[in-house]
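Data first, discussion second: the structure below is written as structure tokens.
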Amino acid sequence: MNGLRVVVVTLIALLELAALVTTLVTYELPVAEFGYNVGSDGVTVISVEPGLPAQKAGLAVGDRLVYQSVPRIGRLNTILNEPVDPSDSLRLVVLRHGSTIAVTMTPVEFPFLYGISDLFYACAGLALGAVSLALVLLRPSRLTWGFALIAPPLLLPSALMHWAHHAPASQAFAYEMAVALLYALQAAGTMIFASRFPDDAPRGPNAVVDRLAVPVGLAVALLYAYTYFNVWFSPSPPPYWLLFAQYYVAPSFPSLAALFALFATYVGSAGSLRSRLTPTLVAFVLFVLTDSAQQIGEVVTSNPGQLLFAYFAFAIAAILVAASVAYAVVRHRVIDVSFIVGRTLVYTILTLFAVSVFSLIEYFVGKLLERGGLALVLEIVAAAAIGLSMNALHTRLDAIIDVVLFRRRHLAEARVKATASVLPHATTRAFVDQTIVNEPADAFDLASAAVFVLDEDGGGYTRTAGRGWGGATATRLDADDRLVVRFRAERAPLDLSDARWGRDDLPGGAQQPLYAIPVTLGARLEAIALYGGHTGGEDLDPDERHCLRRLANGAALAYDHLAAEDLRRRLEEAGIEIAALRRSERRLTEVLEERLRGSGAG
């Protein structure tokens, strides 16, 4: 299953990379507009932009198009609101007050900023695609797959739309169906991600949004497909209800559902989690709002300035979503992923890198040198170099990413691991107790930490060291405490959120203990270490928990070493006492024998 996931992610990434390269090559292609919009009946003019070709040709609000007179390029522009080429003139007939008027229009070219907005779309799609596909590889789930469905429509090159306008009907219609499917998947993915963020477990009203995601996506796909079929093959305009649903319901309903789910998540989150989620939630709210605004804006206006503003706003919002999700994962760990870069991820990245290298060589060099065959030589050399370096990269990439991207965490983990390795050489139990509390608290910036050590009489456990535990918090755990009994039975670390440890004398808020580790000596539970989350409210990640378990193992060895040293010291003391007793015994024996000899002589 892992291999299939990597294959699917690789294919998606390659398609997105190809779309990005196409946009980079074709973004300068001119795009034009006639400057009018029709209503949900498909024929009534509802807006005419001053100064644009439609207004100059005499078209006015309230005019009704004779649909049979509108050619395919005009229908794509009128019904589907797709821009056209500057060379696409339009001739049609309109009805005005019972009279027919012939209108001829030549579109005006959009400003160069339209091509720049296309680049922004591509950059936004690249950012969303990179973050979402990385999350799919690191933690495959319905949440991350839903997030991955948002990016592909943003990467659609305008060049494909230009091609579809003049391609054979069957090929162009197939392309339109593919576009409809992508937008439907985006709608479903938006609802899935919004309802499941951040823990992939929709609760309450979010569960309803999550269950509606697939039906809504299917409905959007059928809606778009039916509309496109009418535009391409029907002599009459699509039904009013169909266009109204496509123009207003399809863009707004998934967005409203996503906003509802995000609001429910925010309201239902604890204070510390809420602060960590806020940047991502705000960015995603902007994303869904600007998405709806630019889709509905294309329906109600042809004003180039307003459309460009909507395009740029949506692209920027998408980039903010990608950045905020990446930051939330890396900094706050709101999505539980492991940052250990495995073999599959390494080779996926290297595969994409290799494809990129070959594409660049082909594009920038191949056209100049193809006659001499040098481009093929360069591709062979690049393939050989990448193949020879792949194993070396695989062995070093983990360490490079860990040190460069997560240097602070790397140093903290190294510090705790070093402490765990030297802890068995401690000379006092007090040093061990203080170390297993203070070292991880300082290194990982924990809000609380404490250790409860077994009493000499074995009747319970007393807190011997603590950080973030005030005077009113627990200082002792009885032998029949639920946590003590569980650790004596299972001896495995425990997430306290699953333990139902009902005590009212534990620290609250950010200091609340989240992770408990038993420290055992053979069959005896010697101590219990309790750790809270980070001071910023973040939970402990898997790597930090591994370091804490390793530290607890070092503490167990230290306690064992100190117990052995104590036993050796007692044995030495007992040996000294025994030797002194033996000397006393010999002395008493000698004295007794002297007295016996003296009494015998007398």
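Ligands are numbered from 1 in the order shown, residues from 1 within each chain, and chains are lettered A, B, ... in the order they appear in the structure tokens.
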
Using only C-alpha atoms, find each residue of range 126-172 of chain A with at least one atom at most 9 Å away from an atom of range 69-86 of chain A; report its shortest atom-to-atom pair and that distance in Å (one decimal), sort the rows by chain and rising residue number, and return the result as JSON lines.
```
{"residue": "A:Met161", "atom": "CA", "partner": "A:Glu82", "partner_atom": "CA", "distance": 8.2}
{"residue": "A:His162", "atom": "CA", "partner": "A:Asp85", "partner_atom": "CA", "distance": 7.1}
{"residue": "A:His165", "atom": "CA", "partner": "A:Ile73", "partner_atom": "CA", "distance": 6.3}
{"residue": "A:His166", "atom": "CA", "partner": "A:Ile73", "partner_atom": "CA", "distance": 8.2}
```

So which residues touch Ser40 in chain A within 6 Å, counting only C-alpha atoms, skipping near sequence neighbours fewer than 6 positions away, as a PDB file with N, CA, C and O atoms, in the first residue's frame?
```pdb
ATOM      1  N   TYR A 240     -32.492  27.331 -16.659  1.00  0.00           N
ATOM      2  CA  TYR A 240     -32.207  28.387 -15.681  1.00  0.00           C
ATOM      3  C   TYR A 240     -31.664  27.809 -14.390  1.00  0.00           C
ATOM      4  O   TYR A 240     -30.673  28.320 -13.843  1.00  0.00           O
ATOM      5  N   LEU A 243     -27.919  26.758 -14.672  1.00  0.00           N
ATOM      6  CA  LEU A 243     -26.929  27.836 -14.640  1.00  0.00           C
ATOM      7  C   LEU A 243     -26.910  28.536 -13.278  1.00  0.00           C
ATOM      8  O   LEU A 243     -25.838  28.915 -12.786  1.00  0.00           O
ATOM      9  N   PHE A 244     -28.080  28.717 -12.688  1.00  0.00           N
ATOM     10  CA  PHE A 244     -28.108  29.337 -11.359  1.00  0.00           C
ATOM     11  C   PHE A 244     -27.318  28.500 -10.365  1.00  0.00           C
ATOM     12  O   PHE A 244     -26.540  29.034  -9.552  1.00  0.00           O
TER      13      PHE A 244
END
```

message: I'd like to know which of A:Asp118, A:Glu538, A:Asp63, A:Asp455 is closest to Ala159 in chain A, using only C-alpha atoms.
response: A:Asp118

task: Select from range 54-141 of chain A everything DSSP, run on the backbone, classes as strand (DSSP E), then give the selection as a list in words.
output: Arg64, Leu65, Leu90, Arg91, Leu92, Val93, Val94, Leu95, Arg96, Ser99, Thr100, Ile101, Ala102, Val103, Thr104, Met105, Val108 and Glu109 of chain A

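Note that CA of Ala474 in chain A and CA of Gly508 in chain A are 12.0 Å apart.
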
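Here CA of Ala552 in chain A is placed at a distance of 23.5 Å from CA of Arg503 in chain A.
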
query: Skipping near chain neighbours, those fewer than 2 positions away, what residues fall within 6 Å of Ala465 in chain A using only C-alpha atoms, listed as a VMD selection string?
result: chain A and resid 433 to 434 450 to 451 463
